[in-house]
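Have a look at upload_30.cif below; it lists mmCIF, C-alpha atoms and all ligand atoms.
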```cif
data_start
loop_
_atom_site.label_atom_id
_atom_site.label_comp_id
_atom_site.auth_asym_id
_atom_site.auth_seq_id
_atom_site.Cartn_x
_atom_site.Cartn_y
_atom_site.Cartn_z
CA MET A 2 5.40 20.21 26.58
CA ASN A 3 7.21 17.12 25.35
CA ILE A 4 6.96 17.32 21.56
CA LEU A 5 7.96 14.73 18.96
CA LEU A 6 9.09 16.19 15.65
CA THR A 7 8.95 13.57 12.91
CA GLY A 8 11.28 14.73 10.14
CA GLY A 9 12.75 17.20 12.63
CA ALA A 10 16.22 17.04 11.05
CA GLY A 11 14.85 18.39 7.77
CA TYR A 12 14.60 21.94 6.53
CA ILE A 13 11.38 23.12 8.18
CA GLY A 14 11.48 20.75 11.16
CA SER A 15 14.94 21.93 12.24
CA HIS A 16 13.80 25.57 12.25
CA ALA A 17 10.67 24.62 14.20
CA ALA A 18 12.88 22.77 16.70
CA VAL A 19 14.77 26.02 17.40
CA VAL A 20 11.58 28.01 17.94
CA LEU A 21 10.00 25.35 20.15
CA CYS A 22 13.13 25.03 22.32
CA ALA A 23 13.30 28.80 22.71
CA ALA A 24 9.69 28.71 23.92
CA GLY A 25 10.70 26.24 26.64
CA HIS A 26 9.40 22.99 25.11
CA ASN A 27 11.24 19.66 25.19
CA VAL A 28 11.84 18.57 21.62
CA VAL A 29 12.54 15.01 20.49
CA ILE A 30 13.43 14.40 16.84
CA LEU A 31 12.71 11.22 14.90
CA ASP A 32 14.15 11.12 11.40
CA ASN A 33 15.43 8.45 9.02
CA PHE A 34 17.81 10.98 7.38
CA CYS A 35 16.67 10.08 3.87
CA ASN A 36 16.75 13.80 3.04
CA SER A 37 18.82 15.38 5.80
CA GLN A 38 22.25 15.18 7.36
CA HIS A 39 23.27 13.94 10.79
CA SER A 40 25.43 17.05 11.19
CA VAL A 41 22.28 19.16 11.56
CA LEU A 42 22.07 17.85 15.14
CA ASP A 43 25.39 19.43 16.15
CA ARG A 44 24.37 22.63 14.42
CA LEU A 45 21.07 22.64 16.32
CA THR A 46 22.98 22.11 19.58
CA LYS A 47 25.07 25.18 18.78
CA ILE A 48 21.96 27.27 18.24
CA VAL A 49 19.88 26.14 21.22
CA GLY A 50 22.80 25.57 23.60
CA LYS A 51 21.98 21.96 24.53
CA PRO A 52 21.68 18.67 22.66
CA MET A 53 18.27 17.54 21.49
CA PRO A 54 17.37 13.84 21.70
CA CYS A 55 17.23 12.32 18.23
CA ILE A 56 16.12 8.84 17.27
CA GLU A 57 17.21 7.59 13.89
CA GLY A 58 14.22 5.67 12.59
CA ASP A 59 11.33 5.50 10.19
CA ILE A 60 7.76 6.61 10.82
CA ARG A 61 6.63 3.36 9.20
CA ASP A 62 8.13 1.47 12.16
CA THR A 63 5.08 1.55 14.45
CA LEU A 64 6.76 -0.37 17.30
CA LEU A 65 9.67 2.07 17.38
CA LEU A 66 7.24 5.01 17.44
CA GLU A 67 5.33 3.45 20.33
CA LYS A 68 8.55 3.10 22.30
CA VAL A 69 9.61 6.69 21.57
CA LEU A 70 6.22 8.08 22.57
CA LYS A 71 6.42 6.14 25.86
CA ASP A 72 10.10 6.71 26.65
CA TYR A 73 9.93 10.47 26.16
CA LYS A 74 6.39 10.91 27.56
CA ILE A 75 5.40 12.66 24.34
CA GLU A 76 2.30 14.86 24.62
CA THR A 77 2.00 16.15 21.07
CA VAL A 78 3.47 15.49 17.60
CA MET A 79 4.55 17.83 14.84
CA HIS A 80 4.52 15.69 11.73
CA PHE A 81 7.04 16.98 9.18
CA ALA A 82 8.38 13.64 7.89
CA GLY A 83 7.57 13.05 4.27
CA LEU A 84 8.91 12.98 0.73
CA LYS A 85 8.26 16.24 -1.12
CA ALA A 86 9.64 16.25 -4.67
CA VAL A 87 6.74 16.66 -7.10
CA GLY A 88 8.58 15.23 -10.16
CA GLU A 89 9.85 12.22 -8.22
CA SER A 90 6.30 11.55 -7.00
CA VAL A 91 5.13 11.28 -10.61
CA GLN A 92 7.93 8.75 -11.33
CA ASN A 93 7.48 6.76 -8.09
CA PRO A 94 3.94 7.28 -6.81
CA LEU A 95 4.02 4.13 -4.67
CA ASP A 96 7.02 5.41 -2.72
CA TYR A 97 5.13 8.60 -1.99
CA PHE A 98 1.95 6.85 -0.85
CA ASP A 99 3.93 4.32 1.17
CA ASN A 100 6.13 6.89 2.90
CA ASN A 101 3.73 9.79 3.31
CA VAL A 102 0.34 8.10 3.69
CA GLY A 103 1.53 4.73 5.06
CA GLY A 104 3.98 6.49 7.37
CA THR A 105 1.25 8.75 8.73
CA ILE A 106 -1.09 5.81 9.38
CA SER A 107 1.69 4.03 11.25
CA LEU A 108 2.34 7.16 13.32
CA LEU A 109 -1.37 7.56 14.08
CA HIS A 110 -1.64 3.94 15.26
CA ALA A 111 1.26 4.48 17.64
CA MET A 112 -0.19 7.77 18.86
CA ARG A 113 -3.64 6.33 19.45
CA SER A 114 -2.34 3.37 21.42
CA ASN A 115 -0.34 5.75 23.63
CA ASN A 116 -3.23 8.18 24.00
CA VAL A 117 -1.29 10.98 22.30
CA LYS A 118 -4.04 12.68 20.32
CA SER A 119 -2.66 16.02 19.32
CA MET A 120 -0.90 16.77 16.03
CA VAL A 121 0.28 19.65 13.88
CA PHE A 122 0.56 18.36 10.31
CA SER A 123 2.72 19.79 7.49
CA SER A 124 0.33 20.17 4.60
CA SER A 125 0.86 22.25 1.50
CA ALA A 126 -0.77 24.87 -0.69
CA THR A 127 -0.42 22.26 -3.43
CA VAL A 128 -3.74 20.80 -2.16
CA TYR A 129 -5.57 23.75 -3.76
CA GLY A 130 -4.53 22.65 -7.27
CA MET A 131 -5.30 25.22 -9.98
CA PRO A 132 -6.59 28.38 -8.22
CA ASN A 133 -10.24 29.28 -9.03
CA TYR A 134 -9.69 32.63 -7.35
CA LEU A 135 -6.97 34.54 -5.52
CA PRO A 136 -5.92 34.98 -2.80
CA LEU A 137 -6.46 31.35 -1.84
CA ASP A 138 -8.42 30.98 1.39
CA GLU A 139 -8.85 27.77 3.36
CA ALA A 140 -12.35 27.28 1.89
CA HIS A 141 -11.00 27.05 -1.66
CA PRO A 142 -11.82 23.62 -3.15
CA THR A 143 -8.98 21.12 -2.94
CA GLN A 144 -7.65 19.08 -5.82
CA ALA A 145 -4.40 17.19 -6.31
CA LYS A 146 -2.31 17.78 -9.41
CA ASN A 147 0.27 15.04 -8.77
CA PRO A 148 0.90 12.06 -6.44
CA TYR A 149 2.75 14.25 -3.91
CA GLY A 150 -0.25 16.57 -3.64
CA ARG A 151 -2.59 13.57 -3.52
CA SER A 152 -0.60 12.11 -0.62
CA LYS A 153 -1.12 15.36 1.32
CA LEU A 154 -4.84 15.38 0.52
CA HIS A 155 -5.22 11.72 1.54
CA ILE A 156 -3.53 12.49 4.86
CA GLU A 157 -5.82 15.48 5.45
CA GLU A 158 -8.83 13.22 4.77
CA ILE A 159 -7.55 10.48 7.09
CA LEU A 160 -6.96 12.98 9.87
CA THR A 161 -10.42 14.50 9.35
CA ASP A 162 -12.09 11.07 9.60
CA LEU A 163 -10.03 10.21 12.66
CA ALA A 164 -11.01 13.43 14.46
CA ALA A 165 -14.65 12.82 13.55
CA SER A 166 -14.46 9.34 15.09
CA ASP A 167 -13.02 10.49 18.41
CA PRO A 168 -13.41 13.99 19.87
CA ALA A 169 -10.22 13.59 21.90
CA TRP A 170 -8.11 14.41 18.83
CA HIS A 171 -6.78 17.96 18.40
CA ILE A 172 -5.32 18.40 14.91
CA SER A 173 -4.14 21.30 12.80
CA PHE A 174 -3.26 21.18 9.10
CA LEU A 175 -0.84 23.92 8.18
CA ARG A 176 -0.89 24.57 4.44
CA TYR A 177 2.50 26.07 3.67
CA PHE A 178 2.99 28.27 0.64
CA ASN A 179 6.63 28.66 -0.52
CA PRO A 180 9.02 28.40 2.46
CA VAL A 181 12.46 29.93 1.85
CA GLY A 182 15.30 31.48 3.86
CA ALA A 183 17.28 30.23 6.82
CA HIS A 184 17.99 30.78 10.51
CA GLU A 185 19.97 33.97 11.13
CA SER A 186 22.94 31.99 12.49
CA GLY A 187 23.56 30.55 9.02
CA LEU A 188 23.94 27.14 10.67
CA ILE A 189 20.74 25.55 9.38
CA GLY A 190 18.89 26.06 6.12
CA GLU A 191 17.73 24.28 3.00
CA ASP A 192 20.33 22.12 1.36
CA PRO A 193 18.69 19.88 -1.24
CA ASN A 194 20.56 16.94 -2.73
CA GLY A 195 21.49 17.31 -6.39
CA ILE A 196 20.05 20.01 -8.62
CA PRO A 197 17.37 21.97 -6.75
CA ASN A 198 13.80 21.95 -8.07
CA ASN A 199 12.76 25.09 -6.25
CA LEU A 200 13.51 28.65 -7.24
CA VAL A 201 15.43 30.11 -4.30
CA PRO A 202 17.75 27.12 -3.68
CA TYR A 203 18.45 27.12 -7.44
CA ILE A 204 19.34 30.83 -7.40
CA ALA A 205 21.67 30.17 -4.45
CA GLN A 206 23.47 27.45 -6.41
CA VAL A 207 23.91 29.83 -9.35
CA ALA A 208 25.28 32.47 -6.97
CA LEU A 209 27.77 29.91 -5.62
CA GLY A 210 28.90 29.20 -9.18
CA ARG A 211 27.78 25.56 -9.05
CA LEU A 212 25.16 26.11 -11.76
CA PRO A 213 25.73 28.40 -14.77
CA HIS A 214 22.39 30.22 -14.91
CA LEU A 215 18.80 30.22 -13.72
CA ASN A 216 16.18 28.95 -16.14
CA VAL A 217 13.16 31.20 -15.81
CA TYR A 218 10.22 28.97 -16.59
CA GLY A 219 8.20 31.29 -18.77
CA ASP A 220 7.90 35.05 -19.13
CA ASP A 221 4.53 35.02 -20.88
CA TYR A 222 2.21 34.48 -17.92
CA PRO A 223 -0.59 37.00 -17.41
CA THR A 224 1.34 38.61 -14.51
CA ALA A 225 2.86 42.10 -14.22
CA ASP A 226 6.26 41.04 -15.62
CA GLY A 227 5.25 37.77 -17.29
CA SER A 228 6.99 35.44 -14.81
CA GLY A 229 5.27 33.16 -12.28
CA VAL A 230 4.08 34.66 -8.98
CA ARG A 231 4.28 32.84 -5.64
CA ASP A 232 3.83 33.53 -1.95
CA TYR A 233 7.28 33.19 -0.38
CA ILE A 234 7.38 32.85 3.40
CA HIS A 235 10.46 32.99 5.62
CA VAL A 236 11.07 29.61 7.24
CA MET A 237 11.41 31.29 10.68
CA ASP A 238 7.97 32.88 10.28
CA LEU A 239 6.69 29.44 9.31
CA ALA A 240 8.35 27.89 12.38
CA GLU A 241 6.71 30.51 14.60
CA GLY A 242 3.38 29.64 12.97
CA HIS A 243 3.85 26.08 14.29
CA LEU A 244 4.27 27.32 17.83
CA ALA A 245 1.12 29.43 17.43
CA ALA A 246 -0.82 26.43 16.05
CA LEU A 247 0.44 24.21 18.86
CA ASN A 248 -0.88 26.69 21.44
CA TYR A 249 -4.17 27.03 19.58
CA ILE A 250 -5.00 23.33 19.35
CA GLN A 251 -4.55 22.79 23.08
CA GLN A 252 -7.99 24.41 23.54
CA GLN A 253 -9.45 23.35 20.21
CA PRO A 254 -10.69 19.78 19.64
CA GLY A 255 -11.24 18.46 16.11
CA VAL A 256 -9.50 19.65 12.98
CA CYS A 257 -8.51 23.19 12.07
CA VAL A 258 -6.87 24.32 8.85
CA PHE A 259 -4.60 27.32 8.35
CA ASN A 260 -2.75 28.80 5.42
CA LEU A 261 0.78 29.84 6.36
CA GLY A 262 2.02 32.35 3.82
CA SER A 263 2.97 36.00 3.67
CA GLY A 264 -0.21 36.88 1.80
CA LYS A 265 1.86 38.63 -0.86
CA GLY A 266 2.83 37.43 -4.34
CA SER A 267 6.33 37.93 -5.79
CA SER A 268 7.41 37.13 -9.32
CA VAL A 269 10.49 35.17 -10.38
CA PHE A 270 12.12 38.32 -11.73
CA GLU A 271 11.41 40.17 -8.47
CA VAL A 272 12.98 37.39 -6.40
CA VAL A 273 16.08 37.40 -8.60
CA LYS A 274 16.42 41.17 -8.32
CA VAL A 275 16.07 41.15 -4.54
CA PHE A 276 18.60 38.31 -4.25
CA GLU A 277 21.06 40.23 -6.41
CA ASN A 278 20.59 43.46 -4.43
CA GLU A 279 20.89 41.82 -1.04
CA ASN A 280 23.92 39.76 -1.87
CA ALA A 281 25.72 41.97 -4.38
CA SER A 282 25.85 39.16 -6.89
CA SER A 283 24.65 38.78 -10.44
CA ILE A 284 22.40 35.87 -11.42
CA PRO A 285 22.59 35.02 -15.13
CA LEU A 286 19.15 34.14 -16.53
CA LYS A 287 17.75 32.22 -19.47
CA VAL A 288 14.05 32.39 -20.17
CA THR A 289 12.82 28.93 -21.14
CA MET A 290 9.48 27.19 -21.72
CA ARG A 291 6.90 27.12 -18.95
CA ARG A 292 7.33 24.18 -16.56
CA ILE A 293 4.53 21.62 -16.97
CA GLY A 294 2.00 21.82 -14.14
CA ASP A 295 2.98 25.35 -13.02
CA VAL A 296 0.26 27.87 -12.33
CA SER A 297 0.62 31.50 -13.21
CA GLU A 298 -0.05 32.90 -9.73
CA CYS A 299 -0.56 31.49 -6.26
CA TYR A 300 -0.74 33.40 -2.99
CA ALA A 301 -2.53 33.04 0.28
CA LYS A 302 -5.23 34.77 2.21
CA VAL A 303 -3.80 34.66 5.70
CA ASP A 304 -6.55 36.34 7.71
CA LYS A 305 -7.58 33.10 9.40
CA ALA A 306 -4.14 32.53 10.91
CA ASN A 307 -3.88 36.24 11.80
CA ILE A 308 -7.16 36.12 13.70
CA HIS A 309 -7.14 32.68 15.34
CA LEU A 310 -3.43 32.05 15.81
CA ASN A 311 -2.53 35.68 16.38
CA TRP A 312 0.29 35.03 13.95
CA LYS A 313 1.52 36.72 10.85
CA ALA A 314 4.64 36.61 8.73
CA THR A 315 6.83 39.62 9.49
CA ARG A 316 10.04 38.93 7.58
CA THR A 317 10.56 40.39 4.10
CA LEU A 318 11.71 38.94 0.80
CA GLN A 319 14.98 40.79 1.49
CA ASP A 320 15.34 38.85 4.77
CA MET A 321 14.62 35.59 2.94
CA CYS A 322 17.24 36.19 0.25
CA ARG A 323 19.89 37.47 2.68
CA SER A 324 19.50 34.55 5.08
CA THR A 325 19.49 32.01 2.24
CA TRP A 326 22.81 33.33 1.01
CA ASN A 327 24.25 33.57 4.53
CA PHE A 328 23.47 29.87 5.04
CA GLN A 329 24.76 28.83 1.61
CA LYS A 330 28.10 30.61 2.09
CA ASN A 331 28.61 29.13 5.56
CA HIS A 332 27.51 25.71 4.50
CA LYS A 333 29.76 25.70 1.48
CA CYS A 334 32.72 26.52 3.73
CA ALA A 335 31.65 23.88 6.27
CA ASN A 336 31.57 21.25 3.53
CA GLN A 337 34.98 22.10 2.07
P1 LIG B 401 12.80 17.91 4.23
O1 LIG B 401 12.96 16.83 3.23
O2 LIG B 401 13.91 18.87 4.43
O3 LIG B 401 12.42 17.30 5.65
C1 LIG B 401 11.67 16.12 5.79
C2 LIG B 401 12.42 15.23 6.76
O4 LIG B 401 11.66 14.01 6.92
C3 LIG B 401 13.80 14.83 6.26
O5 LIG B 401 14.74 15.07 7.28
C4 LIG B 401 13.67 13.33 5.96
O6 LIG B 401 14.88 12.65 6.20
C5 LIG B 401 12.57 12.92 6.90
N1 LIG B 401 11.78 11.75 6.48
C6 LIG B 401 11.19 11.54 5.29
N2 LIG B 401 10.56 10.35 5.29
C7 LIG B 401 10.71 9.82 6.55
C8 LIG B 401 10.29 8.63 7.17
N3 LIG B 401 9.60 7.72 6.51
N4 LIG B 401 10.62 8.42 8.46
C9 LIG B 401 11.36 9.35 9.14
N5 LIG B 401 11.81 10.48 8.59
C10 LIG B 401 11.48 10.72 7.30
O7 LIG B 401 11.47 18.69 3.84
P2 LIG B 401 10.88 20.04 4.43
O8 LIG B 401 10.97 21.07 3.37
O9 LIG B 401 11.44 20.29 5.76
O10 LIG B 401 9.34 19.63 4.54
C11 LIG B 401 8.78 19.18 5.75
C12 LIG B 401 7.32 18.85 5.49
O11 LIG B 401 6.66 20.02 4.98
C13 LIG B 401 7.10 17.77 4.44
O12 LIG B 401 6.03 16.95 4.87
C14 LIG B 401 6.71 18.53 3.19
O13 LIG B 401 5.88 17.77 2.34
C15 LIG B 401 5.97 19.71 3.77
N6 LIG B 401 5.99 20.89 2.90
C16 LIG B 401 7.20 21.40 2.48
C17 LIG B 401 7.21 22.50 1.62
C18 LIG B 401 8.49 23.07 1.09
O14 LIG B 401 8.47 23.78 0.09
N7 LIG B 401 9.64 22.80 1.72
C19 LIG B 401 6.00 23.09 1.23
C20 LIG B 401 4.81 22.55 1.69
C21 LIG B 401 4.83 21.45 2.53
C1 LIG B 402 8.45 28.98 -7.87
C2 LIG B 402 8.40 29.79 -9.15
C3 LIG B 402 8.50 28.46 -11.14
C4 LIG B 402 12.59 27.00 -10.47
C5 LIG B 402 6.75 23.79 -5.19
C6 LIG B 402 5.86 22.57 -5.07
C7 LIG B 402 4.84 22.77 -3.99
C8 LIG B 402 5.51 23.18 -2.66
C9 LIG B 402 6.50 24.29 -2.84
C10 LIG B 402 5.74 21.29 -1.21
C11 LIG B 402 7.51 29.17 -10.22
C12 LIG B 402 9.72 29.34 -11.05
C13 LIG B 402 11.35 27.64 -10.35
C14 LIG B 402 13.47 27.39 -11.51
C15 LIG B 402 11.87 29.04 -12.23
N1 LIG B 402 6.23 22.10 -2.04
N2 LIG B 402 11.01 28.64 -11.21
N3 LIG B 402 13.06 28.40 -12.35
O1 LIG B 402 6.35 25.31 -7.96
O2 LIG B 402 5.45 27.13 -6.45
O3 LIG B 402 5.96 24.94 -5.49
O4 LIG B 402 7.39 24.01 -3.92
O5 LIG B 402 4.62 21.15 -0.84
O6 LIG B 402 4.15 21.57 -3.87
O7 LIG B 402 5.21 22.38 -6.32
O8 LIG B 402 7.83 26.41 -6.18
O9 LIG B 402 10.17 27.16 -6.10
O10 LIG B 402 9.55 25.30 -7.71
O11 LIG B 402 8.76 27.62 -8.18
O12 LIG B 402 11.55 29.94 -13.01
O13 LIG B 402 14.54 26.83 -11.67
O14 LIG B 402 9.71 29.83 -9.72
O15 LIG B 402 8.06 28.36 -12.47
O16 LIG B 402 6.91 30.24 -10.93
P1 LIG B 402 6.34 25.95 -6.65
P2 LIG B 402 9.17 26.56 -7.03
#
```

Can the structure in the file be given as structure tokens, please?
Ligand code: NAD
Ligand code: WQD
Amino acid sequence: MNILLTGGAGYIGSHAAVVLCAAGHNVVILDNFCNSQHSVLDRLTKIVGKPMPCIEGDIRDTLLLEKVLKDYKIETVMHFAGLKAVGESVQNPLDYFDNNVGGTISLLHAMRSNNVKSMVFSSSATVYGMPNYLPLDEAHPTQAKNPYGRSKLHIEEILTDLAASDPAWHISFLRYFNPVGAHESGLIGEDPNGIPNNLVPYIAQVALGRLPHLNVYGDDYPTADGSGVRDYIHVMDLAEGHLAALNYIQQQPGVCVFNLGSGKGSSVFEVVKVFENENASSIPLKVTMRRIGDVSECYAKVDKANIHLNWKATRTLQDMCRSTWNFQKNHKCANQ
């Protein structure tokens, strides 16, 4: 199929591009590079063995999207493009609604007028808010805790209304838990600008010596070791989940929702230990106050994706930590 990846130069989109190409699909990337580097395109070429068309542009530019959909005879869209920093969304909510919600509406207009009515959308476990029970299944009530989460919920609602208005739409929301790790080549991975917000990229920066220590946000949670528990999923497992969802929606009109996680919770201390073991490094720690808005535990029930998508995460926390470090080392050298 001819597939447009909005935000395809970013962390998750670039890994999905590799998996989709390997499965024989034609991938076209559209990205405004607000949170990615142009050099990722050369690195993708090295991995897949041929260049991938990439259009530098914004999803809010409906006319450009219409042209891209026509020119490349796009049949389906994987919609990764979006801003994703929770703290920044609290400071600049309008930017988040404009980019994420406004951008999606613009994309949907272009898709509808070109009769492209199939989409896999990058949603997030953040839409569950404070867990009422664990593991979180797709039927858990949704609730936004911040403007970023609200933007994801608004998009899910818009897509649901759209599919209800026209049975020709085939849409899947993939609610990601905590994606980490990198492609085994070490050529692509997560490389956030500035000081990372997320645990594993932060640990990697400490291991590189760019940051002095990891702040552990609380060791007094009601968990086995007192630190926060999350469901970490290898980005390549996540990418394979997109291929499975793409195949599934071909036969499935309307909207379907899937959690993509490993189904297993790991604590901050466990992640640090595994990272240290895998990479023979020592990560200095300081236990600090809890981070505002953090929940104690969050992990997925993944039965629905297992059954309907015939997909499950197979890579371990060891694989996630090893591949993160492999990418960070390579990338550091590449940037020197
Ligand atoms: P990322 O920032 O690495 O990738 C997003 C890409 O979209 C970037 O390349 C950015 O330049 C591009 N982009 C942003 N706004 C755009 C616009 N208006 N027009 C064109 N391109 C635009 O982020 P990621 O981690 O790869 O996340 C991809 C998607 O998955 C996002 O929608 C994010 O909200 C969602 N998600 C991510 C996580 C996570 O922890 N990484 C978890 C849950 C959901
Ligand atoms: C994981 C654990 C922290 C950093 C966020 C977004 C969510 C989703 C994924 C997009 C927690 C602890 C972290 C640090 C720490 N993104 N931690 N020291 O908060 O589960 O989810 O990313 O949709 O919306 O909120 O991930 O990696 O930030 O934190 O102790 O320096 O690590 O308290 O227990 P989180 P995270």

Show me which residues line ligand LIG 401 (chain B), defined as having an atom within 9 Å of a ligand atom where all atoms listed in the file count, and present them as a PDB file with C-alpha atoms, in the coordinates of the input.
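Output file result38.pdb follows:
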```
ATOM      1  CA  THR A   7       8.950  13.570  12.910  1.00  0.00           C
ATOM      2  CA  GLY A   8      11.280  14.730  10.140  1.00  0.00           C
ATOM      3  CA  GLY A   9      12.750  17.200  12.630  1.00  0.00           C
ATOM      4  CA  ALA A  10      16.220  17.040  11.050  1.00  0.00           C
ATOM      5  CA  GLY A  11      14.850  18.390   7.770  1.00  0.00           C
ATOM      6  CA  TYR A  12      14.600  21.940   6.530  1.00  0.00           C
ATOM      7  CA  ILE A  13      11.380  23.120   8.180  1.00  0.00           C
ATOM      8  CA  GLY A  14      11.480  20.750  11.160  1.00  0.00           C
ATOM      9  CA  SER A  15      14.940  21.930  12.240  1.00  0.00           C
ATOM     10  CA  HIS A  16      13.800  25.570  12.250  1.00  0.00           C
ATOM     11  CA  LEU A  31      12.710  11.220  14.900  1.00  0.00           C
ATOM     12  CA  ASP A  32      14.150  11.120  11.400  1.00  0.00           C
ATOM     13  CA  ASN A  33      15.430   8.450   9.020  1.00  0.00           C
ATOM     14  CA  PHE A  34      17.810  10.980   7.380  1.00  0.00           C
ATOM     15  CA  CYS A  35      16.670  10.080   3.870  1.00  0.00           C
ATOM     16  CA  ASN A  36      16.750  13.800   3.040  1.00  0.00           C
ATOM     17  CA  SER A  37      18.820  15.380   5.800  1.00  0.00           C
ATOM     18  CA  GLN A  38      22.250  15.180   7.360  1.00  0.00           C
ATOM     19  CA  GLU A  57      17.210   7.590  13.890  1.00  0.00           C
ATOM     20  CA  GLY A  58      14.220   5.670  12.590  1.00  0.00           C
ATOM     21  CA  ASP A  59      11.330   5.500  10.190  1.00  0.00           C
ATOM     22  CA  ILE A  60       7.760   6.610  10.820  1.00  0.00           C
ATOM     23  CA  ARG A  61       6.630   3.360   9.200  1.00  0.00           C
ATOM     24  CA  ASP A  62       8.130   1.470  12.160  1.00  0.00           C
ATOM     25  CA  HIS A  80       4.520  15.690  11.730  1.00  0.00           C
ATOM     26  CA  PHE A  81       7.040  16.980   9.180  1.00  0.00           C
ATOM     27  CA  ALA A  82       8.380  13.640   7.890  1.00  0.00           C
ATOM     28  CA  GLY A  83       7.570  13.050   4.270  1.00  0.00           C
ATOM     29  CA  LEU A  84       8.910  12.980   0.730  1.00  0.00           C
ATOM     30  CA  LYS A  85       8.260  16.240  -1.120  1.00  0.00           C
ATOM     31  CA  ALA A  86       9.640  16.250  -4.670  1.00  0.00           C
ATOM     32  CA  ASP A  99       3.930   4.320   1.170  1.00  0.00           C
ATOM     33  CA  ASN A 100       6.130   6.890   2.900  1.00  0.00           C
ATOM     34  CA  ASN A 101       3.730   9.790   3.310  1.00  0.00           C
ATOM     35  CA  GLY A 103       1.530   4.730   5.060  1.00  0.00           C
ATOM     36  CA  GLY A 104       3.980   6.490   7.370  1.00  0.00           C
ATOM     37  CA  THR A 105       1.250   8.750   8.730  1.00  0.00           C
ATOM     38  CA  PHE A 122       0.560  18.360  10.310  1.00  0.00           C
ATOM     39  CA  SER A 123       2.720  19.790   7.490  1.00  0.00           C
ATOM     40  CA  SER A 124       0.330  20.170   4.600  1.00  0.00           C
ATOM     41  CA  SER A 125       0.860  22.250   1.500  1.00  0.00           C
ATOM     42  CA  ALA A 126      -0.770  24.870  -0.690  1.00  0.00           C
ATOM     43  CA  THR A 127      -0.420  22.260  -3.430  1.00  0.00           C
ATOM     44  CA  TYR A 149       2.750  14.250  -3.910  1.00  0.00           C
ATOM     45  CA  GLY A 150      -0.250  16.570  -3.640  1.00  0.00           C
ATOM     46  CA  LYS A 153      -1.120  15.360   1.320  1.00  0.00           C
ATOM     47  CA  LEU A 175      -0.840  23.920   8.180  1.00  0.00           C
ATOM     48  CA  ARG A 176      -0.890  24.570   4.440  1.00  0.00           C
ATOM     49  CA  TYR A 177       2.500  26.070   3.670  1.00  0.00           C
ATOM     50  CA  PHE A 178       2.990  28.270   0.640  1.00  0.00           C
ATOM     51  CA  ASN A 179       6.630  28.660  -0.520  1.00  0.00           C
ATOM     52  CA  PRO A 180       9.020  28.400   2.460  1.00  0.00           C
ATOM     53  CA  VAL A 181      12.460  29.930   1.850  1.00  0.00           C
ATOM     54  CA  GLY A 190      18.890  26.060   6.120  1.00  0.00           C
ATOM     55  CA  GLU A 191      17.730  24.280   3.000  1.00  0.00           C
ATOM     56  CA  ASP A 192      20.330  22.120   1.360  1.00  0.00           C
ATOM     57  CA  PRO A 193      18.690  19.880  -1.240  1.00  0.00           C
ATOM     58  CA  ASN A 199      12.760  25.090  -6.250  1.00  0.00           C
ATOM     59  CA  VAL A 236      11.070  29.610   7.240  1.00  0.00           C
TER      60      VAL A 236
END
```

Selection: 9 Å around Leu215 of chain A, all atoms listed in the file, excl. self and same-chain fewer than 3 positions, as a PyMOL selection string | chain A and resi 200+203-204+207+212+284-288

Applying 10 Å and all atoms listed in the file, which residues near Ile159 of chain A remain after dropping the ones on its own chain fewer than 5 positions away? List them as number ranges by chain.
A: 102, 105-106, 109, 153-154, 164-165

Taking C-alpha atoms for each residue, export the selection above as a short mmCIF file (atom, residue, chain, number, x, y, z; two decimals), keeping the file's coordinate frame.
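Just written: again-v9.cif:
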```cif
data_model
loop_
_atom_site.label_atom_id
_atom_site.label_comp_id
_atom_site.auth_asym_id
_atom_site.auth_seq_id
_atom_site.Cartn_x
_atom_site.Cartn_y
_atom_site.Cartn_z
CA VAL A 102 0.34 8.10 3.69
CA THR A 105 1.25 8.75 8.73
CA ILE A 106 -1.09 5.81 9.38
CA LEU A 109 -1.37 7.56 14.08
CA LYS A 153 -1.12 15.36 1.32
CA LEU A 154 -4.84 15.38 0.52
CA ALA A 164 -11.01 13.43 14.46
CA ALA A 165 -14.65 12.82 13.55
#
```

For ligand LIG 402 (chain B), I'd like the enclosing box, axis-aligned and padded by 5 Å on every side, reported as JSON with centre and edge lengths in Å to one decimal.
```
{"center_x": 9.3, "center_y": 25.7, "center_z": -6.9, "size_x": 20.4, "size_y": 19.1, "size_z": 22.2}
```

Item checked: Close residues, Gly242 of chain A itself excluded, 8 Å, only C-alpha atoms, min 3 positions apart in chain, as a ChimeraX atom specification -> /A:238-239,245-246,261,310,312-313

- prompt: With all atoms listed in the file as the atoms that count, which of A:Ser324, A:Thr63, A:Thr315, A:Asn216 lies nearest to Ser107 of chain A?
  reply: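 Of A:Ser324, A:Thr63, A:Thr315, A:Asn216, the one nearest Ser107 of chain A is A:Thr63, counting all atoms listed in the file.
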
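Checking A:Val128, A:Met79, A:Ala240, A:Ile308 one by one against ligand LIG 402 (chain B), counting all atoms listed in the file, you find the shortest gap at A:Val128.
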
Requested in this report: Using only C-alpha atoms and all ligand atoms, find the one residue out of A:Ser283, A:Ser152, A:Gln319, A:Ser263 that sits nearest to ligand LIG 402 (chain B).
Outcome: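 Closest residue, counting only C-alpha atoms and all ligand atoms: A:Ser152.
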
(message) At a cut-off of 10 Å around the point (17.2, 25.7, 20.0) (file coordinates), what residues fall inside when counting all atoms listed in the file? I'd like the answer as a ChimeraX atom specification.
(response) /A:15-28,44-53

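The closest residue to His39 of chain A, picked from A:Gly88, A:Asp162, A:Ile189, A:Tyr97 and counting only C-alpha atoms, is A:Ile189.
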